[in-house]
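> My structure is stored as entry-v3.cif, with mmCIF, C-alpha atoms.
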data_query
#
loop_
_atom_site.group_PDB
_atom_site.id
_atom_site.type_symbol
_atom_site.label_atom_id
_atom_site.label_comp_id
_atom_site.auth_asym_id
_atom_site.auth_seq_id
_atom_site.Cartn_x
_atom_site.Cartn_y
_atom_site.Cartn_z
ATOM 1 C CA MET A 1 -2.016 -85.524 -84.341
ATOM 2 C CA ALA A 2 -4.000 -82.410 -85.262
ATOM 3 C CA VAL A 3 -7.027 -81.358 -83.218
ATOM 4 C CA PRO A 4 -9.495 -78.493 -83.831
ATOM 5 C CA LEU A 5 -8.689 -75.418 -81.751
ATOM 6 C CA SER A 6 -10.783 -72.527 -80.481
ATOM 7 C CA PHE A 7 -10.019 -69.520 -78.297
ATOM 8 C CA GLU A 8 -12.084 -67.534 -75.812
ATOM 9 C CA PHE A 9 -11.707 -63.800 -75.186
ATOM 10 C CA PHE A 10 -13.497 -61.295 -72.966
ATOM 11 C CA PRO A 11 -14.597 -57.836 -74.138
ATOM 12 C CA PRO A 12 -11.922 -55.226 -73.341
ATOM 13 C CA LYS A 13 -12.947 -52.339 -71.088
ATOM 14 C CA THR A 14 -10.613 -49.648 -72.460
ATOM 15 C CA PRO A 15 -9.296 -48.511 -75.869
ATOM 16 C CA GLU A 16 -5.852 -49.718 -74.787
ATOM 17 C CA GLY A 17 -7.298 -53.123 -73.921
ATOM 18 C CA ALA A 18 -9.001 -53.281 -77.307
ATOM 19 C CA ASP A 19 -5.725 -52.522 -79.104
ATOM 20 C CA LYS A 20 -3.923 -55.162 -77.067
ATOM 21 C CA LEU A 21 -6.596 -57.756 -77.790
ATOM 22 C CA ARG A 22 -6.390 -57.082 -81.529
ATOM 23 C CA ALA A 23 -2.659 -57.824 -81.396
ATOM 24 C CA VAL A 24 -3.260 -60.964 -79.297
ATOM 25 C CA ARG A 25 -5.861 -62.209 -81.768
ATOM 26 C CA GLN A 26 -3.550 -61.741 -84.741
ATOM 27 C CA ARG A 27 -0.884 -63.850 -83.023
ATOM 28 C CA LEU A 28 -3.365 -66.585 -82.122
ATOM 29 C CA TYR A 29 -4.841 -66.677 -85.628
ATOM 30 C CA ALA A 30 -1.556 -68.320 -86.661
ATOM 31 C CA ALA A 31 -2.970 -71.477 -85.039
ATOM 32 C CA ARG A 32 -5.903 -71.385 -87.504
ATOM 33 C CA PRO A 33 -8.706 -71.655 -84.934
ATOM 34 C CA GLN A 34 -12.018 -73.191 -85.890
ATOM 35 C CA PHE A 35 -13.647 -70.201 -84.158
ATOM 36 C CA CYS A 36 -13.099 -67.625 -81.423
ATOM 37 C CA SER A 37 -15.673 -66.926 -78.714
ATOM 38 C CA VAL A 38 -16.366 -63.772 -76.713
ATOM 39 C CA THR A 39 -17.813 -63.815 -73.203
ATOM 40 C CA TYR A 40 -20.931 -62.022 -71.968
ATOM 41 C CA GLY A 41 -21.052 -60.336 -68.553
ATOM 42 C CA ALA A 42 -23.570 -61.019 -65.815
ATOM 43 C CA GLY A 43 -27.046 -59.970 -66.877
ATOM 44 C CA GLY A 44 -25.705 -58.958 -70.292
ATOM 45 C CA SER A 45 -23.551 -56.233 -68.710
ATOM 46 C CA THR A 46 -20.943 -56.435 -71.494
ATOM 47 C CA GLN A 47 -23.425 -56.916 -74.347
ATOM 48 C CA GLU A 48 -22.221 -53.928 -76.385
ATOM 49 C CA GLY A 49 -18.577 -54.938 -75.937
ATOM 50 C CA THR A 50 -19.346 -58.565 -76.730
ATOM 51 C CA PHE A 51 -21.187 -57.744 -79.940
ATOM 52 C CA HIS A 52 -18.499 -55.246 -81.014
ATOM 53 C CA THR A 53 -15.631 -57.694 -80.386
ATOM 54 C CA VAL A 54 -17.478 -60.483 -82.193
ATOM 55 C CA GLY A 55 -17.970 -58.113 -85.130
ATOM 56 C CA GLU A 56 -14.240 -57.316 -85.220
ATOM 57 C CA ILE A 57 -13.316 -61.017 -85.245
ATOM 58 C CA LEU A 58 -15.726 -61.671 -88.108
ATOM 59 C CA ALA A 59 -14.244 -58.713 -90.019
ATOM 60 C CA GLU A 60 -10.800 -60.283 -89.521
ATOM 61 C CA GLY A 61 -12.025 -63.337 -91.404
ATOM 62 C CA VAL A 62 -12.378 -65.717 -88.464
ATOM 63 C CA PRO A 63 -15.660 -67.377 -87.388
ATOM 64 C CA ALA A 64 -16.856 -65.889 -84.097
ATOM 65 C CA ALA A 65 -19.114 -67.318 -81.396
ATOM 66 C CA ALA A 66 -20.981 -64.960 -79.095
ATOM 67 C CA HIS A 67 -21.632 -66.049 -75.534
ATOM 68 C CA PHE A 68 -25.277 -65.383 -74.808
ATOM 69 C CA SER A 69 -26.916 -65.563 -71.386
ATOM 70 C CA CYS A 70 -30.632 -65.492 -70.678
ATOM 71 C CA ILE A 71 -31.135 -64.988 -66.941
ATOM 72 C CA GLY A 72 -33.405 -62.017 -66.273
ATOM 73 C CA ALA A 73 -34.171 -61.570 -69.982
ATOM 74 C CA THR A 74 -37.474 -61.456 -71.829
ATOM 75 C CA ARG A 75 -38.262 -63.478 -74.925
ATOM 76 C CA GLU A 76 -38.742 -60.270 -76.916
ATOM 77 C CA ARG A 77 -35.329 -58.919 -75.930
ATOM 78 C CA VAL A 78 -33.568 -62.219 -76.607
ATOM 79 C CA ARG A 79 -35.261 -62.525 -79.998
ATOM 80 C CA ALA A 80 -34.090 -59.030 -80.981
ATOM 81 C CA GLN A 81 -30.521 -59.577 -79.772
ATOM 82 C CA LEU A 82 -30.209 -62.894 -81.588
ATOM 83 C CA ALA A 83 -31.529 -61.292 -84.777
ATOM 84 C CA GLU A 84 -28.882 -58.575 -84.390
ATOM 85 C CA LEU A 85 -26.116 -61.174 -83.986
ATOM 86 C CA HIS A 86 -27.339 -63.112 -87.001
ATOM 87 C CA ALA A 87 -27.434 -59.907 -89.060
ATOM 88 C CA ILE A 88 -23.748 -59.174 -88.381
ATOM 89 C CA GLY A 89 -22.773 -62.694 -89.446
ATOM 90 C CA VAL A 90 -22.671 -64.696 -86.203
ATOM 91 C CA ARG A 91 -23.514 -68.350 -86.820
ATOM 92 C CA ARG A 92 -22.346 -69.879 -83.545
ATOM 93 C CA LEU A 93 -23.600 -69.182 -80.017
ATOM 94 C CA VAL A 94 -22.489 -70.310 -76.570
ATOM 95 C CA ALA A 95 -25.868 -70.500 -74.839
ATOM 96 C CA LEU A 96 -25.690 -70.008 -71.065
ATOM 97 C CA ARG A 97 -28.055 -69.380 -68.213
ATOM 98 C CA GLY A 98 -25.658 -66.754 -66.941
ATOM 99 C CA ASP A 99 -25.119 -65.130 -63.564
ATOM 100 C CA LEU A 100 -27.346 -62.424 -62.140
ATOM 101 C CA PRO A 101 -25.621 -59.095 -61.555
ATOM 102 C CA SER A 102 -25.157 -58.204 -57.895
ATOM 103 C CA GLY A 103 -28.358 -56.954 -56.296
ATOM 104 C CA TYR A 104 -30.508 -58.119 -59.189
ATOM 105 C CA GLY A 105 -33.663 -59.993 -58.314
ATOM 106 C CA LEU A 106 -34.823 -63.106 -60.131
ATOM 107 C CA GLY A 107 -37.095 -62.633 -63.088
ATOM 108 C CA GLY A 108 -37.146 -62.899 -66.808
ATOM 109 C CA GLU A 109 -38.672 -65.626 -68.908
ATOM 110 C CA PHE A 110 -35.780 -68.096 -68.937
ATOM 111 C CA ALA A 111 -34.913 -70.121 -65.853
ATOM 112 C CA TYR A 112 -32.329 -72.460 -67.374
ATOM 113 C CA ALA A 113 -29.943 -72.608 -70.314
ATOM 114 C CA SER A 114 -32.085 -75.420 -71.737
ATOM 115 C CA ASP A 115 -34.964 -72.903 -72.009
ATOM 116 C CA LEU A 116 -32.714 -70.616 -74.062
ATOM 117 C CA VAL A 117 -31.533 -73.464 -76.310
ATOM 118 C CA ALA A 118 -35.134 -74.538 -76.976
ATOM 119 C CA PHE A 119 -36.129 -70.919 -77.705
ATOM 120 C CA ILE A 120 -33.277 -70.426 -80.191
ATOM 121 C CA ARG A 121 -34.223 -73.604 -82.025
ATOM 122 C CA ALA A 122 -37.917 -72.684 -82.101
ATOM 123 C CA GLU A 123 -37.282 -69.128 -83.311
ATOM 124 C CA PHE A 124 -34.250 -69.531 -85.567
ATOM 125 C CA GLY A 125 -34.232 -73.203 -86.580
ATOM 126 C CA GLN A 126 -30.733 -74.256 -87.627
ATOM 127 C CA ALA A 127 -29.483 -70.694 -88.198
ATOM 128 C CA PHE A 128 -27.033 -71.030 -85.280
ATOM 129 C CA HIS A 129 -24.647 -73.744 -84.144
ATOM 130 C CA ILE A 130 -25.400 -73.886 -80.411
ATOM 131 C CA GLU A 131 -22.687 -74.632 -77.871
ATOM 132 C CA VAL A 132 -23.577 -75.275 -74.228
ATOM 133 C CA ALA A 133 -21.481 -75.491 -71.082
ATOM 134 C CA ALA A 134 -20.508 -78.746 -69.385
ATOM 135 C CA TYR A 135 -19.077 -79.247 -65.902
ATOM 136 C CA PRO A 136 -16.906 -82.377 -65.504
ATOM 137 C CA GLU A 137 -16.436 -81.546 -61.806
ATOM 138 C CA THR A 138 -20.075 -80.483 -61.283
ATOM 139 C CA HIS A 139 -21.570 -76.989 -61.464
ATOM 140 C CA PRO A 140 -21.044 -75.239 -58.095
ATOM 141 C CA GLN A 141 -24.794 -74.571 -57.741
ATOM 142 C CA ALA A 142 -25.951 -78.074 -58.707
ATOM 143 C CA ARG A 143 -27.824 -80.128 -56.120
ATOM 144 C CA SER A 144 -25.696 -83.174 -56.944
ATOM 145 C CA PRO A 145 -23.452 -84.535 -59.712
ATOM 146 C CA GLN A 146 -26.388 -86.618 -60.944
ATOM 147 C CA ALA A 147 -28.680 -83.567 -61.111
ATOM 148 C CA ASP A 148 -25.984 -81.621 -62.968
ATOM 149 C CA LEU A 149 -25.561 -84.434 -65.494
ATOM 150 C CA GLN A 150 -29.312 -84.566 -66.064
ATOM 151 C CA ALA A 151 -29.382 -80.786 -66.570
ATOM 152 C CA PHE A 152 -26.654 -81.146 -69.180
ATOM 153 C CA ALA A 153 -28.591 -83.891 -70.975
ATOM 154 C CA THR A 154 -31.677 -81.639 -70.950
ATOM 155 C CA LYS A 155 -29.716 -78.886 -72.727
ATOM 156 C CA VAL A 156 -28.599 -81.375 -75.346
ATOM 157 C CA ARG A 157 -32.123 -82.690 -75.892
ATOM 158 C CA ALA A 158 -33.308 -79.076 -76.275
ATOM 159 C CA GLY A 159 -31.124 -78.777 -79.357
ATOM 160 C CA ALA A 160 -27.463 -78.170 -78.491
ATOM 161 C CA ASP A 161 -24.949 -79.097 -81.204
ATOM 162 C CA SER A 162 -21.836 -79.364 -79.042
ATOM 163 C CA ALA A 163 -20.495 -78.498 -75.603
ATOM 164 C CA ILE A 164 -17.459 -76.803 -74.079
ATOM 165 C CA THR A 165 -16.417 -77.796 -70.572
ATOM 166 C CA GLN A 166 -15.383 -75.725 -67.621
ATOM 167 C CA TYR A 167 -11.615 -75.991 -67.303
ATOM 168 C CA PHE A 168 -10.130 -78.835 -65.279
ATOM 169 C CA PHE A 169 -6.703 -80.257 -64.528
ATOM 170 C CA ASN A 170 -7.693 -83.885 -63.919
ATOM 171 C CA SER A 171 -8.336 -85.613 -67.236
ATOM 172 C CA ASP A 172 -10.122 -88.506 -65.484
ATOM 173 C CA ALA A 173 -12.909 -86.097 -64.482
ATOM 174 C CA TYR A 174 -13.450 -85.212 -68.139
ATOM 175 C CA PHE A 175 -13.378 -88.805 -69.389
ATOM 176 C CA ARG A 176 -15.790 -89.933 -66.664
ATOM 177 C CA PHE A 177 -18.178 -87.082 -67.476
ATOM 178 C CA VAL A 178 -18.155 -87.935 -71.191
ATOM 179 C CA ASP A 179 -18.835 -91.611 -70.413
ATOM 180 C CA GLU A 180 -21.675 -90.789 -68.029
ATOM 181 C CA ALA A 181 -23.201 -88.350 -70.517
ATOM 182 C CA ALA A 182 -23.017 -91.001 -73.239
ATOM 183 C CA ALA A 183 -24.855 -93.417 -70.935
ATOM 184 C CA LEU A 184 -27.716 -90.878 -70.887
ATOM 185 C CA GLY A 185 -27.805 -90.818 -74.679
ATOM 186 C CA VAL A 186 -25.734 -87.658 -75.165
ATOM 187 C CA ASP A 187 -23.883 -87.983 -78.455
ATOM 188 C CA ILE A 188 -22.713 -84.431 -79.208
ATOM 189 C CA PRO A 189 -19.018 -83.473 -79.153
ATOM 190 C CA ILE A 190 -17.876 -82.384 -75.674
ATOM 191 C CA VAL A 191 -14.805 -80.179 -76.108
ATOM 192 C CA PRO A 192 -12.513 -79.773 -73.096
ATOM 193 C CA GLY A 193 -11.909 -76.220 -71.901
ATOM 194 C CA ILE A 194 -8.249 -75.491 -71.180
ATOM 195 C CA MET A 195 -6.973 -72.820 -68.773
ATOM 196 C CA PRO A 196 -3.263 -71.990 -69.025
ATOM 197 C CA ILE A 197 -1.604 -71.457 -65.634
ATOM 198 C CA THR A 198 0.182 -68.100 -65.538
ATOM 199 C CA ASN A 199 -1.014 -66.435 -62.322
ATOM 200 C CA ALA A 200 -1.444 -68.645 -59.260
ATOM 201 C CA ALA A 201 -3.530 -66.246 -57.154
ATOM 202 C CA GLN A 202 -5.873 -65.493 -60.049
ATOM 203 C CA LEU A 203 -6.261 -69.192 -60.876
ATOM 204 C CA MET A 204 -7.162 -70.103 -57.304
ATOM 205 C CA ARG A 205 -9.669 -67.254 -57.098
ATOM 206 C CA PHE A 206 -11.339 -68.267 -60.361
ATOM 207 C CA SER A 207 -11.365 -71.932 -59.413
ATOM 208 C CA ASP A 208 -12.966 -71.331 -56.030
ATOM 209 C CA ALA A 209 -15.674 -69.255 -57.716
ATOM 210 C CA CYS A 210 -16.500 -71.621 -60.577
ATOM 211 C CA GLY A 211 -16.074 -74.995 -58.898
ATOM 212 C CA ALA A 212 -13.017 -76.107 -60.894
ATOM 213 C CA GLU A 213 -10.788 -78.372 -58.821
ATOM 214 C CA ILE A 214 -7.088 -77.629 -58.567
ATOM 215 C CA PRO A 215 -5.492 -80.967 -57.573
ATOM 216 C CA ARG A 216 -3.706 -80.753 -54.244
ATOM 217 C CA TRP A 217 -0.274 -81.434 -55.738
ATOM 218 C CA ILE A 218 -0.692 -78.562 -58.214
ATOM 219 C CA ARG A 219 -2.009 -76.179 -55.554
ATOM 220 C CA LEU A 220 0.878 -76.970 -53.189
ATOM 221 C CA ARG A 221 3.492 -76.541 -55.913
ATOM 222 C CA LEU A 222 2.015 -73.192 -56.916
ATOM 223 C CA GLN A 223 1.910 -72.018 -53.304
ATOM 224 C CA GLY A 224 5.500 -73.166 -52.879
ATOM 225 C CA PHE A 225 6.674 -70.904 -55.688
ATOM 226 C CA GLY A 226 5.425 -67.822 -53.822
ATOM 227 C CA ASP A 227 5.963 -64.757 -56.015
ATOM 228 C CA ASP A 228 8.380 -66.522 -58.402
ATOM 229 C CA VAL A 229 6.456 -65.726 -61.587
ATOM 230 C CA ALA A 230 8.946 -67.476 -63.888
ATOM 231 C CA SER A 231 8.703 -70.749 -61.950
ATOM 232 C CA ILE A 232 4.889 -70.560 -61.837
ATOM 233 C CA ARG A 233 4.811 -70.016 -65.592
ATOM 234 C CA ALA A 234 7.275 -72.847 -66.344
ATOM 235 C CA PHE A 235 5.410 -75.280 -64.082
ATOM 236 C CA GLY A 236 2.065 -74.225 -65.519
ATOM 237 C CA LEU A 237 3.243 -74.769 -69.074
ATOM 238 C CA ASP A 238 4.405 -78.296 -68.191
ATOM 239 C CA VAL A 239 1.153 -79.197 -66.433
ATOM 240 C CA VAL A 240 -1.201 -77.861 -69.093
ATOM 241 C CA THR A 241 0.845 -79.176 -72.032
ATOM 242 C CA ASP A 242 0.774 -82.650 -70.476
ATOM 243 C CA LEU A 243 -2.995 -82.370 -69.903
ATOM 244 C CA CYS A 244 -3.587 -81.353 -73.528
ATOM 245 C CA ASP A 245 -1.379 -84.214 -74.721
ATOM 246 C CA GLN A 246 -3.428 -86.731 -72.689
ATOM 247 C CA LEU A 247 -6.654 -85.332 -74.115
ATOM 248 C CA ARG A 248 -5.404 -85.246 -77.687
ATOM 249 C CA THR A 249 -4.081 -88.811 -77.456
ATOM 250 C CA ALA A 250 -7.522 -89.924 -76.280
ATOM 251 C CA GLY A 251 -9.094 -88.352 -79.383
ATOM 252 C CA VAL A 252 -11.011 -85.389 -77.949
ATOM 253 C CA PRO A 253 -13.093 -83.441 -80.508
ATOM 254 C CA GLY A 254 -11.173 -80.200 -79.926
ATOM 255 C CA LEU A 255 -9.347 -77.999 -77.421
ATOM 256 C CA HIS A 256 -10.914 -74.707 -76.316
ATOM 257 C CA PHE A 257 -8.480 -72.306 -74.657
ATOM 258 C CA TYR A 258 -9.533 -69.729 -72.085
ATOM 259 C CA THR A 259 -6.920 -67.207 -73.190
ATOM 260 C CA MET A 260 -7.589 -64.441 -70.633
ATOM 261 C CA ASN A 261 -6.797 -62.136 -73.593
ATOM 262 C CA GLN A 262 -3.184 -63.344 -73.581
ATOM 263 C CA ALA A 263 -1.294 -65.188 -76.328
ATOM 264 C CA ASP A 264 2.104 -66.297 -74.999
ATOM 265 C CA ALA A 265 1.132 -69.290 -72.861
ATOM 266 C CA VAL A 266 -1.370 -70.641 -75.394
ATOM 267 C CA LEU A 267 1.107 -70.387 -78.268
ATOM 268 C CA THR A 268 3.869 -72.031 -76.232
ATOM 269 C CA ILE A 269 1.579 -74.947 -75.344
ATOM 270 C CA LEU A 270 0.514 -75.350 -78.980
ATOM 271 C CA GLN A 271 4.127 -75.163 -80.129
ATOM 272 C CA ARG A 272 5.105 -77.914 -77.680
ATOM 273 C CA LEU A 273 2.251 -80.045 -78.985
ATOM 274 C CA ASP A 274 3.284 -79.416 -82.620
ATOM 275 C CA LEU A 275 -0.133 -77.850 -83.231
ATOM 276 C CA LEU A 276 1.165 -74.665 -84.842
ATOM 277 C CA PRO A 277 1.412 -74.767 -88.642
ATOM 278 C CA PRO A 278 4.926 -74.370 -90.124
ATOM 279 C CA SER A 279 4.023 -70.857 -91.315
ATOM 280 C CA ALA A 280 3.333 -69.654 -87.769
ATOM 281 C CA PRO A 281 5.869 -67.115 -86.471
ATOM 282 C CA ALA A 282 8.420 -68.481 -84.005
ATOM 283 C CA LEU A 283 8.003 -67.524 -80.386
ATOM 284 C CA GLY A 284 10.561 -65.289 -78.794
#
Would you mind giving the structure from this file in structure tokens?

Amino acid sequence: MAVPLSFEFFPPKTPEGADKLRAVRQRLYAARPQFCSVTYGAGGSTQEGTFHTVGEILAEGVPAAAHFSCIGATRERVRAQLAELHAIGVRRLVALRGDLPSGYGLGGEFAYASDLVAFIRAEFGQAFHIEVAAYPETHPQARSPQADLQAFATKVRAGADSAITQYFFNSDAYFRFVDEAAALGVDIPIVPGIMPITNAAQLMRFSDACGAEIPRWIRLRLQGFGDDVASIRAFGLDVVTDLCDQLRTAGVPGLHFYTMNQADAVLTILQRLDLLPPSAPALG
């Protein structure tokens, strides 16, 4: 059963990283993604890199979504940046509140992502497809799961078209979130975010920071492998392929892969799921 795919990248910091990412993108394009997104650093710290990478993806003939955060920003600045993105051909945004850079005080004219969504709609109408973030296991800064769910519904009512979730490894958390959102009247597609497991230490660090839960059995298995990279990779491929299969069987509206600017694990998972077209090059 086919399912729409999308891939997330982060802006490379060096010329070598940019060359590597171009090669990674070309390999992943074999999966015919619906779009590719590019992240945006705290306080817009990677804005130039984000816009440049988005422009490259568009030039390669693939729809590109720019992450766009609003914390600490003024309406004038946001208006100008969105006009710039629209001028280069961006038609999809991932609208986020964003994180403040270290040592940066509060400020700006947007307190929440819902403020940004409402502003985009008021200023640009339907010029952009607006994605927002969703947290099946609750945003780490939310007062409660109920408050987080209400905040999500507020973003949707402000004009979001669809949502991409934080990654998770427990499909029940996703299904429960979708059901609870629907009970609040949310009827937009909620696409699960998928994180391949290739580096145990990195995964645990990310998960602790963003509030994604690593189930105890997965954490213990990863710890048990120690520095055995091959075993971590093989186990991770099994776990994430099974998760994607559960989600696809349940009829999710898409799968959004957090690639970490790598292609191998994503392509292997897609190959196992028979989601690569016959023309795609075989993996080594």
> Carefully work through the PyMOL selection byres ((chain A and resi 92) around 12) for this structure and note down the residues it includes, as a count of residues only.
36
> Within 10 Å of Arg79 (chain A), counting only C-alpha atoms, which residues qualify if same-chain residues fewer than 4 places away don't, as a PDB file with C-alpha atoms, in the frame of the given file?

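result-v6.pdb, freshly written:
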ATOM      1  CA  THR A  74     -37.474 -61.456 -71.829  1.00  0.00           C
ATOM      2  CA  ARG A  75     -38.262 -63.478 -74.925  1.00  0.00           C
ATOM      3  CA  ALA A  83     -31.529 -61.292 -84.777  1.00  0.00           C
ATOM      4  CA  GLU A  84     -28.882 -58.575 -84.390  1.00  0.00           C
ATOM      5  CA  PHE A 119     -36.129 -70.919 -77.705  1.00  0.00           C
ATOM      6  CA  ILE A 120     -33.277 -70.426 -80.191  1.00  0.00           C
ATOM      7  CA  GLU A 123     -37.282 -69.128 -83.311  1.00  0.00           C
ATOM      8  CA  PHE A 124     -34.250 -69.531 -85.567  1.00  0.00           C
TER       9      PHE A 124
END
> Which neighbours of region 214-227 of chain A fall inside 8 Å, counting only C-alpha atoms, when residues of the same chain fewer than 5 positions from it are skipped, and could you give them as a VMD selection string?
chain A and resid 168 to 170 200 204 207 232
> Once the PyMOL selection byres ((chain A and resi 9-25) around 8) has been applied to the shown file, what residues remain in the selection, as a ChimeraX atom specification?
/A:7-8,26-29,36-40,46,49-50,53,258-263
> Grab the residues selected above and save them as a CSV table (one decimal), in the coordinates of the input with C-alpha atoms.

chain,number,residue,atom,x,y,z
A,7,PHE,CA,-10.0,-69.5,-78.3
A,8,GLU,CA,-12.1,-67.5,-75.8
A,26,GLN,CA,-3.6,-61.7,-84.7
A,27,ARG,CA,-0.9,-63.8,-83.0
A,28,LEU,CA,-3.4,-66.6,-82.1
A,29,TYR,CA,-4.8,-66.7,-85.6
A,36,CYS,CA,-13.1,-67.6,-81.4
A,37,SER,CA,-15.7,-66.9,-78.7
A,38,VAL,CA,-16.4,-63.8,-76.7
A,39,THR,CA,-17.8,-63.8,-73.2
A,40,TYR,CA,-20.9,-62.0,-72.0
A,46,THR,CA,-20.9,-56.4,-71.5
A,49,GLY,CA,-18.6,-54.9,-75.9
A,50,THR,CA,-19.3,-58.6,-76.7
A,53,THR,CA,-15.6,-57.7,-80.4
A,258,TYR,CA,-9.5,-69.7,-72.1
A,259,THR,CA,-6.9,-67.2,-73.2
A,260,MET,CA,-7.6,-64.4,-70.6
A,261,ASN,CA,-6.8,-62.1,-73.6
A,262,GLN,CA,-3.2,-63.3,-73.6
A,263,ALA,CA,-1.3,-65.2,-76.3
> Rounded to one decimal, what separation in Å do you get between CA of Ser6 (chain A) and CA of Cys244 (chain A)?
13.3 Å
> Using all atoms listed in the file, which protein or nucleic acid residues come within 9 Å of Ala134 (chain A)? Drop anything in the same chain fewer than 6 positions from it, and give the result as a list in words.
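Once the nearby chain positions are removed, what remains is Asp148, Leu149, Phe152, Ala163, Ile164, Thr165, Gln166, Phe177, Ile190, Val191 and Pro192 of chain A.
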> Convert the output of the PyMOL selection byres ((chain A and resi 157) around 12) on the shown file into explicit residues, formatted as a PyMOL selection string.
chain A and resi 113-115+117-118+121+130+132+150-156+158-162+181+184-188
> Between A:Leu267, A:Gln246, A:Arg32, A:Met1, which residue has the minimum interatomic distance to Gly61 (chain A), considering all atoms listed in the file?
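Of the candidates, the smallest distance to Gly61 (chain A) is held by A:Arg32.
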> How many Å separate CA of Ile197 (chain A) from CA of Phe235 (chain A)?
8.1 Å
> Interatomic distance between CA of Ala183 (chain A) and CA of Thr138 (chain A)?
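Atom-to-atom, CA of Ala183 (chain A) and CA of Thr138 (chain A) are spaced 16.8 Å apart.
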> Pick out the closest residue to Glu48 (chain A) from this set: A:Gln81, A:Phe175, A:Gly72, A:Leu275. Count all atoms listed in the file.
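Going through A:Gln81, A:Phe175, A:Gly72, A:Leu275 one by one, the smallest distance to Glu48 (chain A) is for A:Gln81.
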> Leaving out Val252 (chain A) and any residue of its chain fewer than 2 positions from it, which residues lie within 8 Å of it when counting all atoms listed in the file, given as a PyMOL selection string?
chain A and resi 3+190-192+247-250+254-255
> Go through A:Tyr135, A:Phe51, A:Tyr167, A:Phe110 and flag the residue nearest Phe257 (chain A), using all atoms listed in the file for the distances.
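Among A:Tyr135, A:Phe51, A:Tyr167, A:Phe110, it is A:Tyr167 that comes nearest to Phe257 (chain A).
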> Output as a PDB file, in the coordinates of the input: region 252-268 of chain A, completed with N, CA and C atoms.

ATOM      1  N   VAL A 252      -9.957 -86.367 -78.241  1.00  0.00           N
ATOM      2  CA  VAL A 252     -11.011 -85.389 -77.949  1.00  0.00           C
ATOM      3  C   VAL A 252     -11.387 -84.641 -79.219  1.00  0.00           C
ATOM      4  N   PRO A 253     -12.628 -84.097 -79.279  1.00  0.00           N
ATOM      5  CA  PRO A 253     -13.093 -83.441 -80.508  1.00  0.00           C
ATOM      6  C   PRO A 253     -12.540 -82.035 -80.722  1.00  0.00           C
ATOM      7  N   GLY A 254     -11.748 -81.535 -79.792  1.00  0.00           N
ATOM      8  CA  GLY A 254     -11.173 -80.200 -79.926  1.00  0.00           C
ATOM      9  C   GLY A 254     -10.546 -79.771 -78.614  1.00  0.00           C
ATOM     10  N   LEU A 255      -9.879 -78.633 -78.631  1.00  0.00           N
ATOM     11  CA  LEU A 255      -9.347 -77.999 -77.421  1.00  0.00           C
ATOM     12  C   LEU A 255      -9.765 -76.532 -77.469  1.00  0.00           C
ATOM     13  N   HIS A 256     -10.420 -76.079 -76.397  1.00  0.00           N
ATOM     14  CA  HIS A 256     -10.914 -74.707 -76.316  1.00  0.00           C
ATOM     15  C   HIS A 256     -10.130 -73.987 -75.228  1.00  0.00           C
ATOM     16  N   PHE A 257      -9.360 -72.983 -75.605  1.00  0.00           N
ATOM     17  CA  PHE A 257      -8.480 -72.306 -74.657  1.00  0.00           C
ATOM     18  C   PHE A 257      -9.122 -71.040 -74.102  1.00  0.00           C
ATOM     19  N   TYR A 258      -9.144 -70.952 -72.769  1.00  0.00           N
ATOM     20  CA  TYR A 258      -9.533 -69.729 -72.085  1.00  0.00           C
ATOM     21  C   TYR A 258      -8.291 -68.841 -72.044  1.00  0.00           C
ATOM     22  N   THR A 259      -8.184 -67.926 -72.989  1.00  0.00           N
ATOM     23  CA  THR A 259      -6.920 -67.207 -73.190  1.00  0.00           C
ATOM     24  C   THR A 259      -6.660 -66.115 -72.163  1.00  0.00           C
ATOM     25  N   MET A 260      -7.723 -65.612 -71.504  1.00  0.00           N
ATOM     26  CA  MET A 260      -7.589 -64.441 -70.633  1.00  0.00           C
ATOM     27  C   MET A 260      -6.998 -63.256 -71.401  1.00  0.00           C
ATOM     28  N   ASN A 261      -7.278 -63.213 -72.705  1.00  0.00           N
ATOM     29  CA  ASN A 261      -6.797 -62.136 -73.593  1.00  0.00           C
ATOM     30  C   ASN A 261      -5.270 -62.058 -73.641  1.00  0.00           C
ATOM     31  N   GLN A 262      -4.637 -63.235 -73.497  1.00  0.00           N
ATOM     32  CA  GLN A 262      -3.184 -63.344 -73.581  1.00  0.00           C
ATOM     33  C   GLN A 262      -2.830 -64.407 -74.626  1.00  0.00           C
ATOM     34  N   ALA A 263      -1.678 -64.239 -75.275  1.00  0.00           N
ATOM     35  CA  ALA A 263      -1.294 -65.188 -76.328  1.00  0.00           C
ATOM     36  C   ALA A 263      -0.113 -66.083 -75.965  1.00  0.00           C
ATOM     37  N   ASP A 264       0.828 -65.601 -75.159  1.00  0.00           N
ATOM     38  CA  ASP A 264       2.104 -66.297 -74.999  1.00  0.00           C
ATOM     39  C   ASP A 264       1.956 -67.739 -74.519  1.00  0.00           C
ATOM     40  N   ALA A 265       1.220 -67.942 -73.427  1.00  0.00           N
ATOM     41  CA  ALA A 265       1.132 -69.290 -72.861  1.00  0.00           C
ATOM     42  C   ALA A 265       0.437 -70.245 -73.830  1.00  0.00           C
ATOM     43  N   VAL A 266      -0.636 -69.779 -74.452  1.00  0.00           N
ATOM     44  CA  VAL A 266      -1.370 -70.641 -75.394  1.00  0.00           C
ATOM     45  C   VAL A 266      -0.470 -71.042 -76.553  1.00  0.00           C
ATOM     46  N   LEU A 267       0.245 -70.078 -77.134  1.00  0.00           N
ATOM     47  CA  LEU A 267       1.107 -70.387 -78.268  1.00  0.00           C
ATOM     48  C   LEU A 267       2.247 -71.319 -77.878  1.00  0.00           C
ATOM     49  N   THR A 268       2.797 -71.138 -76.678  1.00  0.00           N
ATOM     50  CA  THR A 268       3.869 -72.031 -76.232  1.00  0.00           C
ATOM     51  C   THR A 268       3.357 -73.460 -76.085  1.00  0.00           C
TER      52      THR A 268
END
